[in-house]
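So this block is start_36.txt, compact mmCIF, C-alpha atoms:
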```txt
# COMPACT_ATOMS: atom_id res chain seq x y z
CA MET A 1 140.15 57.69 -96.89
CA SER A 2 142.19 54.66 -97.97
CA LEU A 3 142.62 53.98 -101.66
CA LEU A 4 141.89 50.35 -100.92
CA ASP A 5 138.44 50.94 -99.45
CA GLY A 6 135.09 50.87 -101.24
CA SER A 7 135.01 54.52 -102.26
CA ASP A 8 134.51 55.51 -105.90
CA THR A 9 138.14 56.60 -106.10
CA GLY A 10 139.51 53.49 -104.40
CA ILE A 11 141.79 51.14 -106.29
CA LEU A 12 139.31 48.31 -105.92
CA ASN A 13 136.71 50.26 -107.87
CA ARG A 14 138.97 51.42 -110.67
CA SER A 15 138.25 49.81 -113.99
CA LYS A 16 140.78 47.35 -115.35
CA ARG A 17 139.17 46.96 -118.76
CA THR A 18 141.08 47.68 -121.94
CA TYR A 19 139.66 47.81 -125.46
CA VAL A 20 141.36 47.41 -128.82
CA ALA A 21 140.17 49.15 -131.96
CA VAL A 22 139.55 46.51 -134.63
CA ALA A 23 138.98 49.15 -137.32
CA THR A 24 140.02 52.77 -137.76
CA ALA A 25 137.59 54.91 -135.79
CA THR A 26 137.19 58.39 -137.26
CA THR A 27 133.91 59.41 -135.63
CA GLN A 28 133.44 56.80 -132.89
CA PHE A 29 135.80 58.41 -130.35
CA TYR A 30 133.74 61.14 -128.69
CA SER A 31 134.23 64.23 -126.61
CA TYR A 32 131.43 65.36 -124.29
CA SER A 33 130.66 68.78 -122.90
CA VAL A 34 127.86 70.32 -120.85
CA ALA A 35 126.79 73.97 -121.03
CA LEU A 36 124.30 75.79 -118.82
CA ASN A 37 121.65 77.84 -120.58
CA THR A 38 121.68 81.07 -118.59
CA THR A 39 118.09 81.82 -119.58
CA THR A 40 116.42 78.51 -118.81
CA PHE A 41 119.06 77.27 -116.38
CA VAL A 42 118.93 73.89 -118.13
CA ASN A 43 122.09 71.97 -118.86
CA THR A 44 122.62 71.01 -122.49
CA GLY A 45 124.98 68.12 -123.26
CA THR A 46 126.85 67.80 -126.55
CA LEU A 47 128.49 64.60 -127.75
CA THR A 48 130.91 65.24 -130.61
CA GLY A 49 132.55 62.55 -132.73
CA SER A 50 136.17 62.53 -133.94
CA ALA A 51 137.75 63.66 -130.71
CA ALA A 52 140.73 61.87 -132.24
CA THR A 53 141.32 59.40 -135.02
CA VAL A 54 141.94 55.97 -133.53
CA VAL A 55 143.68 53.55 -135.89
CA ALA A 56 143.10 49.81 -135.83
CA GLY A 57 145.22 48.17 -133.16
CA THR A 58 145.13 51.09 -130.72
CA LEU A 59 144.58 50.17 -127.09
CA LEU A 60 142.10 52.22 -125.03
CA ARG A 61 141.71 51.87 -121.28
CA GLU A 62 138.70 52.83 -119.23
CA ASN A 63 139.24 55.82 -116.96
CA GLY A 64 136.17 55.26 -114.80
CA LYS A 65 133.89 57.85 -116.40
CA LYS A 66 130.44 56.82 -117.63
CA LEU A 67 127.66 58.50 -119.58
CA TYR A 68 124.09 57.31 -119.11
CA PRO A 69 120.85 58.16 -120.94
CA GLU A 70 118.69 60.64 -118.99
CA ALA A 71 121.28 61.00 -116.24
CA ASN A 72 123.54 62.92 -118.64
CA PRO A 73 121.86 65.53 -120.87
CA GLY A 74 122.03 64.82 -124.60
CA ILE A 75 122.96 61.17 -124.12
CA THR A 76 120.80 58.45 -125.69
CA LYS A 77 122.95 55.36 -125.05
CA TYR A 78 125.59 54.09 -122.68
CA TYR A 79 129.20 55.33 -123.17
CA VAL A 80 132.38 54.65 -121.25
CA GLY A 81 135.31 57.01 -120.74
CA VAL A 82 138.67 55.84 -122.09
CA TYR A 83 142.13 57.18 -122.81
CA LEU A 84 144.60 56.16 -125.49
CA THR A 85 147.38 54.18 -123.85
CA GLU A 86 150.11 55.61 -126.10
CA SER A 87 148.91 59.12 -125.33
CA PRO A 88 147.44 59.06 -121.81
CA PHE A 89 146.23 62.66 -121.96
CA THR A 90 144.04 61.98 -125.02
CA SER A 91 140.76 60.87 -123.53
CA GLY A 92 137.17 60.62 -124.68
CA PHE A 93 134.17 58.32 -124.76
CA ILE A 94 133.29 55.26 -126.81
CA ASP A 95 130.23 53.10 -127.29
CA PRO A 96 131.57 49.77 -125.97
CA ASN A 97 128.93 47.91 -128.01
CA SER A 98 129.65 49.59 -131.35
CA GLY A 99 131.65 46.72 -132.85
CA VAL A 100 134.60 49.05 -133.58
CA PHE A 101 136.09 48.31 -130.16
CA VAL A 102 136.36 44.91 -128.48
CA VAL A 103 137.57 43.99 -125.01
CA TYR A 104 141.31 43.32 -125.10
CA ASN A 105 141.89 42.24 -121.50
CA SER A 106 140.57 42.90 -118.02
CA ASP A 107 143.38 42.05 -115.69
CA LYS A 108 145.65 45.10 -115.61
CA PRO A 109 144.80 47.86 -113.11
CA THR A 110 145.19 51.47 -114.19
CA TYR A 111 147.80 52.34 -111.55
CA LEU A 112 150.35 50.13 -113.36
CA GLY A 113 150.50 52.59 -116.22
CA GLY A 114 149.71 52.44 -119.91
CA SER A 115 150.87 50.09 -122.62
CA ALA A 116 152.00 51.21 -126.04
CA SER A 117 149.72 50.48 -128.94
CA PHE A 118 150.85 47.58 -131.05
CA ALA A 119 149.27 49.01 -134.22
CA ALA A 120 152.45 50.49 -135.69
CA ALA A 121 154.94 47.84 -134.59
CA ASN A 122 152.70 44.86 -135.20
CA PRO A 123 149.64 45.39 -137.39
CA ALA A 124 148.26 41.97 -136.49
CA LEU A 125 145.30 42.21 -134.10
CA PRO A 126 144.70 39.63 -131.37
CA SER A 127 143.94 36.16 -132.69
CA LEU A 128 140.53 34.59 -132.18
CA THR A 129 140.03 30.99 -131.18
CA THR A 130 136.53 29.59 -130.93
CA THR A 131 134.83 26.22 -131.17
CA ASN A 132 131.62 27.87 -132.30
CA LEU A 133 130.36 29.55 -135.47
CA VAL A 134 131.86 32.87 -136.58
CA THR A 135 129.34 35.05 -138.43
CA ALA A 136 130.43 38.21 -140.26
CA GLY A 137 127.78 40.58 -141.57
CA THR A 138 129.86 42.01 -144.42
CA GLY A 139 132.24 39.17 -145.22
CA VAL A 140 135.59 37.89 -144.00
CA VAL A 141 138.80 39.16 -145.61
CA ALA A 142 142.26 37.70 -145.04
CA THR A 143 144.95 40.28 -145.80
CA THR A 144 147.53 37.47 -145.68
CA GLY A 145 147.23 33.72 -145.45
CA GLN A 146 144.07 31.78 -146.15
CA ILE A 147 140.57 31.29 -144.86
CA ARG A 148 140.25 27.52 -144.70
CA ALA A 149 139.16 24.50 -142.72
CA ALA A 150 142.30 22.88 -141.31
CA THR A 151 140.97 19.32 -141.24
CA ILE A 152 141.09 16.41 -143.67
CA SER A 153 138.32 13.86 -143.29
CA ALA A 154 138.66 10.34 -144.68
CA ILE A 155 135.32 8.96 -145.88
CA THR A 156 133.94 5.66 -147.11
CA THR A 157 130.68 6.80 -148.71
CA ALA A 158 129.18 9.71 -146.75
CA ILE A 159 130.37 13.32 -146.98
CA ASP A 160 129.44 15.11 -143.74
CA ILE A 161 129.73 18.78 -144.74
CA SER A 162 129.86 19.91 -141.10
CA LEU A 163 133.29 18.25 -140.70
CA GLY A 164 135.15 20.65 -142.98
CA GLN A 165 136.04 21.26 -146.61
CA LEU A 166 138.54 18.58 -147.60
CA PHE A 167 137.66 14.90 -147.89
CA THR A 168 139.63 11.90 -149.10
CA LEU A 169 138.22 8.68 -150.53
CA THR A 170 140.37 5.60 -151.01
CA THR A 171 138.53 2.45 -151.94
CA SER A 172 139.12 -0.66 -153.96
CA GLY A 173 135.46 -1.28 -154.62
CA ALA A 174 132.48 0.48 -156.08
CA ALA A 175 130.95 3.21 -153.93
CA THR A 176 127.95 5.51 -154.00
CA LEU A 177 128.57 8.82 -152.31
CA THR A 178 125.97 10.66 -150.23
CA ILE A 179 125.99 13.88 -148.19
CA SER A 180 124.74 15.02 -144.81
CA ASN A 181 124.43 18.36 -143.02
CA ALA A 182 124.06 20.37 -146.23
CA ALA A 183 124.80 24.08 -145.75
CA ALA A 184 124.25 26.75 -148.40
CA GLY A 185 127.53 28.18 -149.69
CA ALA A 186 129.71 25.38 -148.33
CA VAL A 187 132.61 24.41 -150.57
CA VAL A 188 133.79 20.80 -150.63
CA TYR A 189 136.97 19.38 -152.12
CA LEU A 190 137.19 15.64 -152.70
CA ILE A 191 140.41 13.71 -153.38
CA VAL A 192 139.76 10.27 -154.85
CA THR A 193 142.59 7.74 -155.02
CA GLY A 194 142.48 4.31 -156.55
CA GLY A 195 143.31 1.36 -154.36
CA GLY A 196 141.99 -0.79 -157.17
CA SER A 197 139.76 -0.52 -160.20
CA HIS A 198 136.37 0.81 -159.21
CA VAL A 199 133.50 3.09 -160.16
CA ILE A 200 132.30 5.99 -158.01
CA THR A 201 128.66 7.00 -158.43
CA PHE A 202 126.86 9.89 -156.80
CA GLY A 203 123.62 9.89 -154.84
CA THR A 204 120.61 12.02 -155.66
CA ASN A 205 121.97 14.99 -153.64
CA ILE A 206 125.26 15.14 -155.53
CA LYS A 207 124.85 16.53 -159.01
CA GLY A 208 127.56 16.94 -161.60
CA LEU A 209 129.61 15.32 -164.31
CA GLY A 210 128.54 11.72 -163.83
CA THR A 211 130.26 8.59 -162.59
CA LEU A 212 133.98 8.45 -161.96
CA THR A 213 136.07 5.44 -162.89
CA VAL A 214 139.32 5.10 -160.96
CA THR A 215 142.01 2.44 -161.34
CA ILE A 216 144.89 1.61 -159.05
CA GLY A 217 147.42 4.43 -158.63
CA GLN A 218 145.15 7.08 -160.17
CA ILE A 219 144.12 10.34 -158.45
CA PHE A 220 141.24 12.70 -159.14
CA THR A 221 140.31 15.93 -157.37
CA LEU A 222 136.76 17.28 -157.46
CA GLU A 223 135.26 20.57 -156.29
CA PHE A 224 131.65 21.07 -155.22
CA ILE A 225 129.51 23.91 -153.90
CA CYS A 226 126.38 23.38 -151.85
CA ASP A 227 123.05 25.10 -152.57
CA GLY A 228 121.65 24.15 -149.17
CA THR A 229 120.26 20.83 -150.37
CA SER A 230 122.69 19.31 -152.84
CA LEU A 231 126.37 19.34 -153.75
CA LEU A 232 126.83 20.77 -157.25
CA GLU A 233 130.05 19.81 -158.99
CA VAL A 234 132.11 22.79 -160.12
CA SER A 235 135.05 20.96 -161.68
CA ARG A 236 137.16 17.81 -161.63
CA THR A 237 140.73 17.31 -162.74
CA ALA A 238 141.86 14.97 -165.43
CA VAL A 239 143.36 11.82 -164.04
CA PHE A 240 146.94 11.94 -162.78
CA THR A 241 149.10 9.20 -161.32
CA ASP A 242 150.72 8.99 -157.92
CA THR A 243 154.46 8.72 -158.63
CA THR A 244 155.69 8.72 -155.02
```

Please rewrite the model in this file as structure tokens.
Amino acid sequence: MSLLDGSDTGILNRSKRTYVAVATATTQFYSYSVALNTTTFVNTGTLTGSAATVVAGTLLRENGKKLYPEANPGITKYYVGVYLTESPFTSGFIDPNSGVFVVYNSDKPTYLGGSASFAAANPALPSLTTTNLVTAGTGVVATTGQIRAATISAITTAIDISLGQLFTLTTSGAATLTISNAAAGAVVYLIVTGGGSHVITFGTNIKGLGTLTVTIGQIFTLEFICDGTSLLEVSRTAVFTDTT
């Protein structure tokens, strides 16, 4: 039978999916065995964790094996068979929905061979780009660099918290600041520069150290945190002068 036909062993049916471990998996890489009870003639399946320790950054490719609840004895959820790409003979099963493994790519067929793990040579995992919200259940940690909003929004009076963290205000007249899209835990930094002599006051949803008087050439920086309704001022710098 041709390898290109629709059989289970055909190339067209071989999985192309690869996963990457985003954390060290000590018990989430499983081995599976089935034994026949010679008395009851009932198969008993055993799923055992720690078939191998998989460090973060290891690539695992599907080998086509699947484990299904009820169809495979001792199995209560769906598992897929994988092998470690840097050690093709080390194979086992993973829960593809565990959160320890994420899909790395799906465009390389198995007959092209394995790829070395990038964990040792390059500890950086694949980057993530999204235009939507990223939610982490136990926090976000940056081992290097910063976690920040890479935008600077110029405002006249209204601080729209959904636009980012850093806002600049340059005005030559009096202004009363307000906020919109309040979000609990949001941090806001405000840079105020004087294009003239003026007084900045704060609306009812901005609470802190009172009005701010700025004259031409002066700069203030202020930090706020949001409680879900209002901006609460954490600190403000003493005045300094732009000498550029």

Taken to one decimal, the CA of Thr193 (chain A)-CA of Asp227 (chain A) distance is 26.3 Å

Considering all atoms listed in the file, can you say which of A:Val100, A:Leu59, A:Ala71, A:Leu231 comes closest to Thr26 (chain A)?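 The closest residue to Thr26 (chain A) is A:Val100.
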
(message) List as number ranges by chain the protein and nucleic acid residues near Leu177 (chain A), meaning an atom at most 6 Å away when all atoms listed in the file are counted, but skip any in the same chain fewer than 5 places from it.
(response) A: 157-158, 202-203

Practice prompt. Excluding region 27-31 of chain A and any residue of its chain fewer than 3 positions from it, enumerate the residues within 6 Å of it, using all atoms listed in the file, and give them as a list of chain:residue names.
Written response: A:Leu47, A:Thr48, A:Gly49, A:Ser50, A:Ala51, A:Gly92, A:Phe93, A:Ile94

Skip Leu67 (chain A) itself and residues of its chain fewer than 4 positions away, then list as a count of residues only all residues within 8 Å of it, counting only C-alpha atoms. 8

Show me the residues around (145.6, 51.3, -129.6) - criterion: an atom at most 6 Å away, all atoms listed in the file counted - as a list of chain:residue names.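 Neighbouring residues, ordered by chain and number, come to A:Val20, A:Gly57, A:Thr58, A:Leu59, A:Leu60, A:Ser117.
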
- Task: Could you check how far CA of Leu169 (chain A) sits from CA of Gly195 (chain A), in Å to one decimal?
- Result: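 Taking CA of Leu169 (chain A) and CA of Gly195 (chain A), their separation equals 9.7 Å.
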
Of A:Val22, A:Val42, A:Val141, A:Ile147, the one nearest to Tyr104 (chain A) when counting all atoms listed in the file is A:Val22

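Using all atoms listed in the file, the residues found no farther than 8 Å from Asn181 (chain A), other than those of its own chain fewer than 4 positions away, are A:Asp160, A:Ile161, A:Ser162.
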
Item checked: Between CA of Ile179 (chain A) and CA of Cys226 (chain A), distance in Å (one decimal) ->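 Between these atoms lies a distance of 10.2 Å.
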
Please provide as a ChimeraX atom specification all residues within 9 Å of Ile152 (chain A), with the sequence filter that same-chain residues fewer than 5 positions apart are discarded (counting all atoms listed in the file).
-> /A:163-168

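For the set A:Val55, A:Glu86, A:Gly99, A:Ile200, the residue with the smallest atom-to-atom gap to Gly137 (chain A) is A:Gly99, counting only C-alpha atoms.
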
Measuring atom to atom with only C-alpha atoms, identify which of A:Thr229, A:Thr171, A:Thr151, A:Thr211 is nearest to Ala183 (chain A).
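Smallest distance to Ala183 (chain A) is found for A:Thr229.
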
Would you compute an axis-aligned box for region 42-59 of chain A, covering every atom listed for it in the file with 8 Å of margin on each side, and report centre and edge lengths in Å to one decimal as JSON?
```
{"center_x": 132.1, "center_y": 61.0, "center_z": -127.0, "size_x": 42.3, "size_y": 41.7, "size_z": 33.8}
```

Considering only C-alpha atoms, state which residue in the set A:Ala184, A:Thr215, A:Gly194, A:Asn97 is at the smallest distance from Leu232 (chain A).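 Distance minimum relative to Leu232 (chain A) lands on A:Ala184.
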
May I ask which of the residues A:Lys66, A:Arg236, A:Ala150, A:Gly74 is the closest one to Ser33 (chain A), counting all atoms listed in the file?
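Once distances to Ser33 (chain A) are computed over all atoms listed in the file, the minimum belongs to A:Gly74.
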